[in-house]
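Peer 1: This is the structure I have questions about; it appears just below.
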Amino acid sequence: MKLGIIKEVFKNVFTKPMTVLFPFEKIEIPERNRGEHSFDIDTCISCGACARICPNLAIEMIDAPQELKKKYPKTYPQIDIGKCCFCALCQDVCPKGSIKLTTNVFLATFDKDDTVRSPMSWNK
Amino acid sequence: MTKIKEHNVNSDFAMNFGPAHPGSGNFAIKVEMRGERVLKATADPGYLHRGFEKMMEYREPMQNAVMSDRVCVLEPLQWNLVHAEAVDYLMGYEIPDRAKHIRVILAELSRIQSHFIWYAVLSLGTGFMTGFNVAIGYRDYILDVLNLITGGRVYPAGYICPGGVRKDFPEKAENKILELLPKIDYMRKFMLKENPAWLARFKDVGILTKREAIKFGATGPVLRGSGVASDVRRDDPYEIYDELEFEIPVMDEGDAYARFNVGMQEIEESMKIITQAIDRIPKGEVKTPNLKPTVKFQQAKGEIYIRNELSRGEGAFYMVATGQKTPYRVKIRGPSFTHMIPIVEHLLTDVDYADVPAIYWSLYQCPADVDR
Amino acid sequence: MSRKDKQNKNKSIEEKLIKDLSLKLDTTVHYQKERRLWISINPDQIVETCSKAYELGFEHLSTISVTDWLDEGKHEVTYHLWSYSHNHLLTIKTKIDRKKPIISSISSIWGGNAETCERECHELFGVKFEGNPNLTPLFLEDWEGPPPFLKDFNWREFVKKDMYDQNNPREKVYFEVKK
């Protein structure tokens with residue numbers, strides 16, 4: 001019994017810890033991870049399927065701002081990440097693959113209003 | 001008739017165990033004490049009541065699949081499975097073989113990680129912090145694989161959806177799961193090591209006899225720890241469980257140690273199931289072809305009571321469909337409901353206060369599925 | 001034994017069980033699917049039928065559920081019993097009047113388990129279980145509205161009265177829906 005403990009101690013002295021030193025070392029996030037959205041306005045056909053399936057009503061179809069109205073005449077999804085539950089149903093239902101969920105998981109903000117993503121904001 | 005229960009006249013004072021206390025989870029028990037002795041306990045649930053049964057009446061099945069994770073935080077994939085099976089039956093979906101295998105593999109992985117949490121909270125409740133840290137650390141390896149497959153560490157967000165599963169396994173996922181098994185095995189041996197402090201805390205504490213267990217509606221490890229060999233996976237098989245070989249651990253003592261031990265032995269059986277399922281997994285589709293992203297629930301009519309063996313016991317969905325877009329009525333039966341209200345009140349009469357966490361956690365509670 | 005033989009054997013056992021139950025419970029036992037049987041009875045027979053079923057081996061009360069059929073004006077109370085010896089689920093259904101929702105309690109048979117299930121149904125649907133000694137609120141604290149799970153309870157209106165913050169544009173979608 002006691003020898004077992006000593007053996008365990010020596011084994012663990014020379015092994016690496018389970019955790020990683022976060023900012024310097026990162027655990028790889030798999031591609032399938034459901035993080036922040038990415039939206040491609042040029043492929044969007046504004047069918048509104050994403051807004052209809054969203055369980056939390058986080059997606060709202062809105063008009064493009066005045067100066068871009070010529071280029072984008074229809075309505076486009078505005079996503080409120082503060083309401084989002086990251087279920088990726090919008091990604092599944094999108095016929096053109098315009099909405100995708102990415103591996104970005106760093107979404108904390110200081111201001112509540114920063115959580116709303118307008119359809120134009122991804123097109124920088 | 002509604003009336004308030006009389007106070008126990010002999011007690012010195014009454015106090016709350018929970019709900020905002022690290023040693024209780026989000027669940028409260030009012031204990032009436034005389035010195036160090038607990039005379040009577042009254043469960044006071046409701047801290048996590050979210051009204052899922054009502055909410056599901058307003059949402060379509062695909063959205064409900066996302067919500068069904070949240071019924072119990074610690075075993076979300078299994079709750080996904082119960083919900084998906086209920087909708088599958090009502091819609092008459094034929095599930096492809098590959099999807100069935102994937103469902104079983106994920107449900108068993110979910111069971112193992114849930115049992116790790118059980119060990120962790122038992123250690124936490126009895127002051128053994130090393131056990132807590134090690135168990136949560138090893139659970140993280142499983143969560144990493146779940147993240148790879150479902151896209152979320154804890155919440156799969158309806159990965160097991162009506163009609164199959166939402167996505168096929170990514171490349172090399174089978175290998176990743178097989179690489180996981182030695183780690184699980186190491187942790188299992190760590191948990192089963194006989195430990196004098198552990199024995200002193202859990203042996204002969206909170207004894208539930210066989211007859212009481214059946215009468216109070218105990219299920220899962222609590223029932224099997226009291227000597228009843230009953231497992232929904234064997235008695236009422238679903239998915240591919242009737243084709244797999246596994247054993248059902250049973251112990252006759254009925255005390256906290258027996259319950260815990262049954263749970264730990266189940267990990268080995270779950271590992272057997274996973275290896276068998278990975279061996280046999282066929283190639284092919286993972287979704288039924290009639291599924292066009294959303295479920296056309298207007299076609300469904302009738303009702304069904306689906307039971308599954310979750311890690312905590314019997315979980316069930318009662319779903320009534322009347323040809324609307326949404327289910328007409330959903331009733332969720334959480335396994336902890338019977339464990340945490342009638343049984344905990346029964347076991348916590350006339351015990352030492354120091355035994356309360358040991359008994360409380362040995363019932364393997366999850367406040368989220370009591371309240372729903 | 002091959003899978004088909006097994007199924008045939010199970011089927012003959014099932015048929016025998018259905019015959020047996022119909023005789024002893026004195027109603028027609030309906031077959032829904034494999035291992036799922038259901039019967040429909042009058043509300044005044046509930047205690048008698050449940051105790052008979054208990055003696056016939058249906059020992060595990062899985063849950064009690066209430067469905068509110070608004071159009072019919074009835075509450076349907078369903079009892080789900082599982083048998084460890086027969087491996088079958090028996091669902092007992094009974095309909096009570098929606099305006100006078102009273103039914104006898106079965107807490108004499110299943111004790112604390114039935115008591116708690118009935119407490120939940122009483123709180124969420126307002127069904128009164130006569131003979132249950134403890135029908136105090138379970139989940140909801142200081143609740144003053146009608147039983148919340150009834151079909152004619154409009155939760156949106158109820159919450160809108162006190163909870164809707166009209167100055168917060170993000171809340172608008174939840175309270176001003178077209179449906």
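If you're wondering about the labels, chains in the structure tokens are A, B, ... by order shown, residues count from 1 in each chain, ligands from 1 in order shown.
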Determine, counting only C-alpha atoms, which protein, DNA and RNA residues have an atom within 10 Å of an atom of A:Asp92; residues of the same chain fewer than 4 positions away are not included. Present the result as a PyMOL selection string.
Peer 2: (chain A and resi 50+53+87-88+97+99-100) or (chain B and resi 166-167+293-294)
Peer 1: Write out as an MDAnalysis selection string all residues of chain C that DSSP puts in strand (DSSP E) for this structure's backbone.
Peer 2: chainID C and resid 30:33 36:41 60:69 74:82 89:97 102:104 128:130
Peer 1: What's the 9 Å shell around A:Arg34, counting only C-alpha atoms, without same-chain residues fewer than 2 positions away, as a list in words?
Peer 2: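 In the requested format, the answer is Glu31, Arg32, Glu36, His37, Phe86, Cys87, Ala88, Lys100, Leu101, Thr102, Thr103, Asn104 and Val105 of chain A; Thr150, Gly151 and Gly152 of chain B.
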Peer 1: Counting only C-alpha atoms, give me one row per residue of chain A with an atom at most 10 Å from an atom of chain C, showing the shortest contact pair and its distance in Å to one decimal, sorted by chain then residue number, as JSON lines.
Peer 2:
```
{"residue": "A:Asn56", "atom": "CA", "partner": "C:Tyr174", "partner_atom": "CA", "distance": 8.9}
{"residue": "A:Leu57", "atom": "CA", "partner": "C:Val173", "partner_atom": "CA", "distance": 7.1}
{"residue": "A:Ala58", "atom": "CA", "partner": "C:Val173", "partner_atom": "CA", "distance": 8.7}
{"residue": "A:Ile59", "atom": "CA", "partner": "C:Val173", "partner_atom": "CA", "distance": 9.8}
{"residue": "A:Glu60", "atom": "CA", "partner": "C:Val173", "partner_atom": "CA", "distance": 8.8}
{"residue": "A:Asp80", "atom": "CA", "partner": "C:Arg170", "partner_atom": "CA", "distance": 8.6}
{"residue": "A:Gly82", "atom": "CA", "partner": "C:Arg170", "partner_atom": "CA", "distance": 9.6}
{"residue": "A:Lys83", "atom": "CA", "partner": "C:Arg170", "partner_atom": "CA", "distance": 9.0}
{"residue": "A:Asp113", "atom": "CA", "partner": "C:Arg170", "partner_atom": "CA", "distance": 9.5}
{"residue": "A:Val116", "atom": "CA", "partner": "C:Arg170", "partner_atom": "CA", "distance": 9.5}
```
Peer 1: Could those residues be written to a file, using N, CA and C atoms, as a PDB file, in the first residue's frame?
Peer 2:
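Result file follows (selection.pdb):
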```
ATOM      1  N   ASN A  56     -34.182  30.934 -30.210  1.00  0.00           N
ATOM      2  CA  ASN A  56     -34.166  32.052 -29.266  1.00  0.00           C
ATOM      3  C   ASN A  56     -34.545  33.370 -29.911  1.00  0.00           C
ATOM      4  N   LEU A  57     -34.993  33.366 -31.139  1.00  0.00           N
ATOM      5  CA  LEU A  57     -35.327  34.584 -31.881  1.00  0.00           C
ATOM      6  C   LEU A  57     -34.159  35.561 -31.864  1.00  0.00           C
ATOM      7  N   ALA A  58     -32.959  35.056 -32.030  1.00  0.00           N
ATOM      8  CA  ALA A  58     -31.776  35.915 -32.005  1.00  0.00           C
ATOM      9  C   ALA A  58     -31.518  36.534 -33.366  1.00  0.00           C
ATOM     10  N   ILE A  59     -32.148  36.003 -34.419  1.00  0.00           N
ATOM     11  CA  ILE A  59     -31.904  36.507 -35.763  1.00  0.00           C
ATOM     12  C   ILE A  59     -33.099  37.326 -36.227  1.00  0.00           C
ATOM     13  N   GLU A  60     -32.818  38.512 -36.746  1.00  0.00           N
ATOM     14  CA  GLU A  60     -33.873  39.393 -37.240  1.00  0.00           C
ATOM     15  C   GLU A  60     -33.508  39.788 -38.664  1.00  0.00           C
ATOM     16  N   ASP A  80     -28.057  38.634 -32.949  1.00  0.00           N
ATOM     17  CA  ASP A  80     -27.745  39.125 -31.612  1.00  0.00           C
ATOM     18  C   ASP A  80     -27.057  37.988 -30.857  1.00  0.00           C
ATOM     19  N   GLY A  82     -25.805  37.943 -28.019  1.00  0.00           N
ATOM     20  CA  GLY A  82     -26.206  37.865 -26.615  1.00  0.00           C
ATOM     21  C   GLY A  82     -27.386  36.936 -26.390  1.00  0.00           C
ATOM     22  N   LYS A  83     -28.220  36.750 -27.418  1.00  0.00           N
ATOM     23  CA  LYS A  83     -29.366  35.849 -27.278  1.00  0.00           C
ATOM     24  C   LYS A  83     -29.059  34.464 -27.829  1.00  0.00           C
ATOM     25  N   ASP A 113     -24.345  46.407 -26.003  1.00  0.00           N
ATOM     26  CA  ASP A 113     -24.725  46.637 -27.395  1.00  0.00           C
ATOM     27  C   ASP A 113     -23.741  46.021 -28.386  1.00  0.00           C
ATOM     28  N   VAL A 116     -24.670  42.772 -30.763  1.00  0.00           N
ATOM     29  CA  VAL A 116     -25.485  42.724 -31.986  1.00  0.00           C
ATOM     30  C   VAL A 116     -24.576  42.824 -33.207  1.00  0.00           C
TER      31      VAL A 116
END
```
Peer 1: Given the choices A:Val13, A:Lys112, A:Pro23, A:Met120, which gets closest to A:Lys71 if the distance is worked out from only C-alpha atoms?
Peer 2: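 So, comparing all the options, the nearest one is A:Met120.
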Peer 1: Could you tell me which residues of chain C sit within 8 Å of chain B when counting only C-alpha atoms, and give me the result as number ranges by chain?
Peer 2: C: 35, 59-63, 65, 67, 84, 87, 110-113, 116, 130-136, 138-141, 149
Peer 1: Let me see the file: selected residues, N, CA and C atoms, as a tab-separated table (two decimals), in the first residue's frame.
Peer 2:
```tsv
chain	number	residue	atom	x	y	z
C	35	ARG	N	-44.04	-3.98	-26.09
C	35	ARG	CA	-43.91	-3.66	-24.67
C	35	ARG	C	-44.65	-2.40	-24.24
C	59	GLU	N	-45.14	-2.82	-10.60
C	59	GLU	CA	-44.76	-2.29	-9.29
C	59	GLU	C	-44.15	-0.90	-9.36
C	60	HIS	N	-43.68	-0.53	-10.54
C	60	HIS	CA	-42.93	0.72	-10.63
C	60	HIS	C	-43.79	1.80	-11.24
C	61	LEU	N	-44.12	2.81	-10.44
C	61	LEU	CA	-44.88	3.96	-10.96
C	61	LEU	C	-43.87	4.90	-11.59
C	62	SER	N	-43.87	4.91	-12.92
C	62	SER	CA	-42.87	5.73	-13.60
C	62	SER	C	-43.19	7.21	-13.45
C	63	THR	N	-44.41	7.58	-13.85
C	63	THR	CA	-44.80	8.97	-13.63
C	63	THR	C	-46.31	9.14	-13.80
C	65	SER	N	-49.01	11.92	-15.45
C	65	SER	CA	-49.00	13.09	-16.32
C	65	SER	C	-50.43	13.54	-16.60
C	67	THR	N	-52.82	15.73	-19.35
C	67	THR	CA	-52.94	16.43	-20.62
C	67	THR	C	-54.22	17.24	-20.60
C	84	TYR	N	-41.46	-5.04	-13.49
C	84	TYR	CA	-40.13	-5.65	-13.53
C	84	TYR	C	-40.20	-7.13	-13.88
C	87	ASN	N	-41.82	-7.05	-17.82
C	87	ASN	CA	-41.14	-6.13	-18.75
C	87	ASN	C	-42.11	-5.48	-19.73
C	110	TRP	N	-48.51	3.75	-3.64
C	110	TRP	CA	-47.10	4.02	-3.90
C	110	TRP	C	-46.47	5.01	-2.91
C	111	GLY	N	-47.21	5.45	-1.92
C	111	GLY	CA	-46.62	6.30	-0.89
C	111	GLY	C	-46.02	7.58	-1.43
C	112	GLY	N	-44.80	7.85	-0.97
C	112	GLY	CA	-44.14	9.12	-1.27
C	112	GLY	C	-43.97	9.41	-2.74
C	113	ASN	N	-43.76	8.39	-3.52
C	113	ASN	CA	-43.55	8.59	-4.95
C	113	ASN	C	-44.81	9.17	-5.62
C	116	THR	N	-45.60	12.77	-4.51
C	116	THR	CA	-44.84	13.84	-5.15
C	116	THR	C	-45.29	14.09	-6.58
C	130	GLU	N	-57.81	13.74	-4.21
C	130	GLU	CA	-58.45	13.56	-2.90
C	130	GLU	C	-57.77	12.44	-2.15
C	131	GLY	N	-57.38	12.74	-0.93
C	131	GLY	CA	-56.73	11.73	-0.11
C	131	GLY	C	-55.23	11.89	-0.06
C	132	ASN	N	-54.69	12.83	-0.83
C	132	ASN	CA	-53.26	13.10	-0.74
C	132	ASN	C	-53.01	14.05	0.42
C	133	PRO	N	-52.21	13.65	1.41
C	133	PRO	CA	-52.05	14.48	2.60
C	133	PRO	C	-51.19	15.72	2.38
C	134	ASN	N	-50.47	15.77	1.28
C	134	ASN	CA	-49.51	16.85	1.12
C	134	ASN	C	-49.57	17.39	-0.30
C	135	LEU	N	-50.37	18.43	-0.51
C	135	LEU	CA	-50.46	19.02	-1.84
C	135	LEU	C	-49.89	20.45	-1.84
C	136	THR	N	-48.86	20.68	-1.07
C	136	THR	CA	-48.25	22.01	-1.00
C	136	THR	C	-47.49	22.29	-2.29
C	138	LEU	N	-44.77	22.85	-5.09
C	138	LEU	CA	-43.51	22.12	-5.22
C	138	LEU	C	-42.43	23.00	-5.84
C	139	PHE	N	-42.68	23.45	-7.07
C	139	PHE	CA	-41.64	24.20	-7.79
C	139	PHE	C	-41.81	25.71	-7.66
C	140	LEU	N	-43.04	26.17	-7.75
C	140	LEU	CA	-43.26	27.61	-7.87
C	140	LEU	C	-43.39	28.23	-6.49
C	141	GLU	N	-42.63	29.29	-6.29
C	141	GLU	CA	-42.70	29.95	-4.99
C	141	GLU	C	-43.50	31.23	-5.13
C	149	PHE	N	-49.62	25.48	-16.48
C	149	PHE	CA	-49.50	24.59	-17.64
C	149	PHE	C	-50.84	24.37	-18.35
```
Peer 1: Sort by chain and increasing residue number a table of all residues of chain B within 9 Å of chain A, each with its closest pair of atoms and their distance in Å to one decimal, counting only C-alpha atoms, and write it as a Markdown table.
Peer 2:
```
| residue | atom | partner | partner_atom | distance |
| --- | --- | --- | --- | --- |
| B:Arg59 | CA | A:Pro55 | CA | 7.4 |
| B:Glu60 | CA | A:Ile53 | CA | 8.5 |
| B:Met62 | CA | A:Leu89 | CA | 8.3 |
| B:Gln63 | CA | A:Pro55 | CA | 5.5 |
| B:Asn64 | CA | A:Pro55 | CA | 8.2 |
| B:Val66 | CA | A:Cys87 | CA | 6.6 |
| B:Met67 | CA | A:Pro55 | CA | 8.5 |
| B:Gly137 | CA | A:Met18 | CA | 7.1 |
| B:Tyr138 | CA | A:Met18 | CA | 8.7 |
| B:Asp144 | CA | A:Pro30 | CA | 8.8 |
| B:Asn147 | CA | A:Asn33 | CA | 6.6 |
| B:Leu148 | CA | A:Pro30 | CA | 5.4 |
| B:Ile149 | CA | A:Arg32 | CA | 7.3 |
| B:Thr150 | CA | A:Arg32 | CA | 7.2 |
| B:Gly151 | CA | A:Asn33 | CA | 4.0 |
| B:Gly152 | CA | A:Asn33 | CA | 6.0 |
| B:Arg153 | CA | A:Asn33 | CA | 8.6 |
| B:Tyr155 | CA | A:Cys87 | CA | 8.7 |
| B:Pro156 | CA | A:Cys87 | CA | 7.9 |
| B:Ala157 | CA | A:Cys87 | CA | 4.9 |
| B:Gly158 | CA | A:Cys87 | CA | 7.4 |
| B:Tyr159 | CA | A:Cys87 | CA | 8.9 |
| B:Arg166 | CA | A:Asp92 | CA | 8.5 |
| B:Pro170 | CA | A:Arg32 | CA | 8.7 |
| B:Lys292 | CA | A:Val93 | CA | 8.9 |
| B:Pro293 | CA | A:Val93 | CA | 5.8 |
| B:Thr294 | CA | A:Val93 | CA | 7.9 |
```
Peer 1: DSSP on the backbone: which residues in stretch 114-356 of chain B end up as alpha helix (DSSP H)? Give the answer as a ChimeraX atom specification.
Peer 2: /B:114-125,129-150,173-192,196-202,210-215,220-224,232-235,256-280,335-338,344-347,356
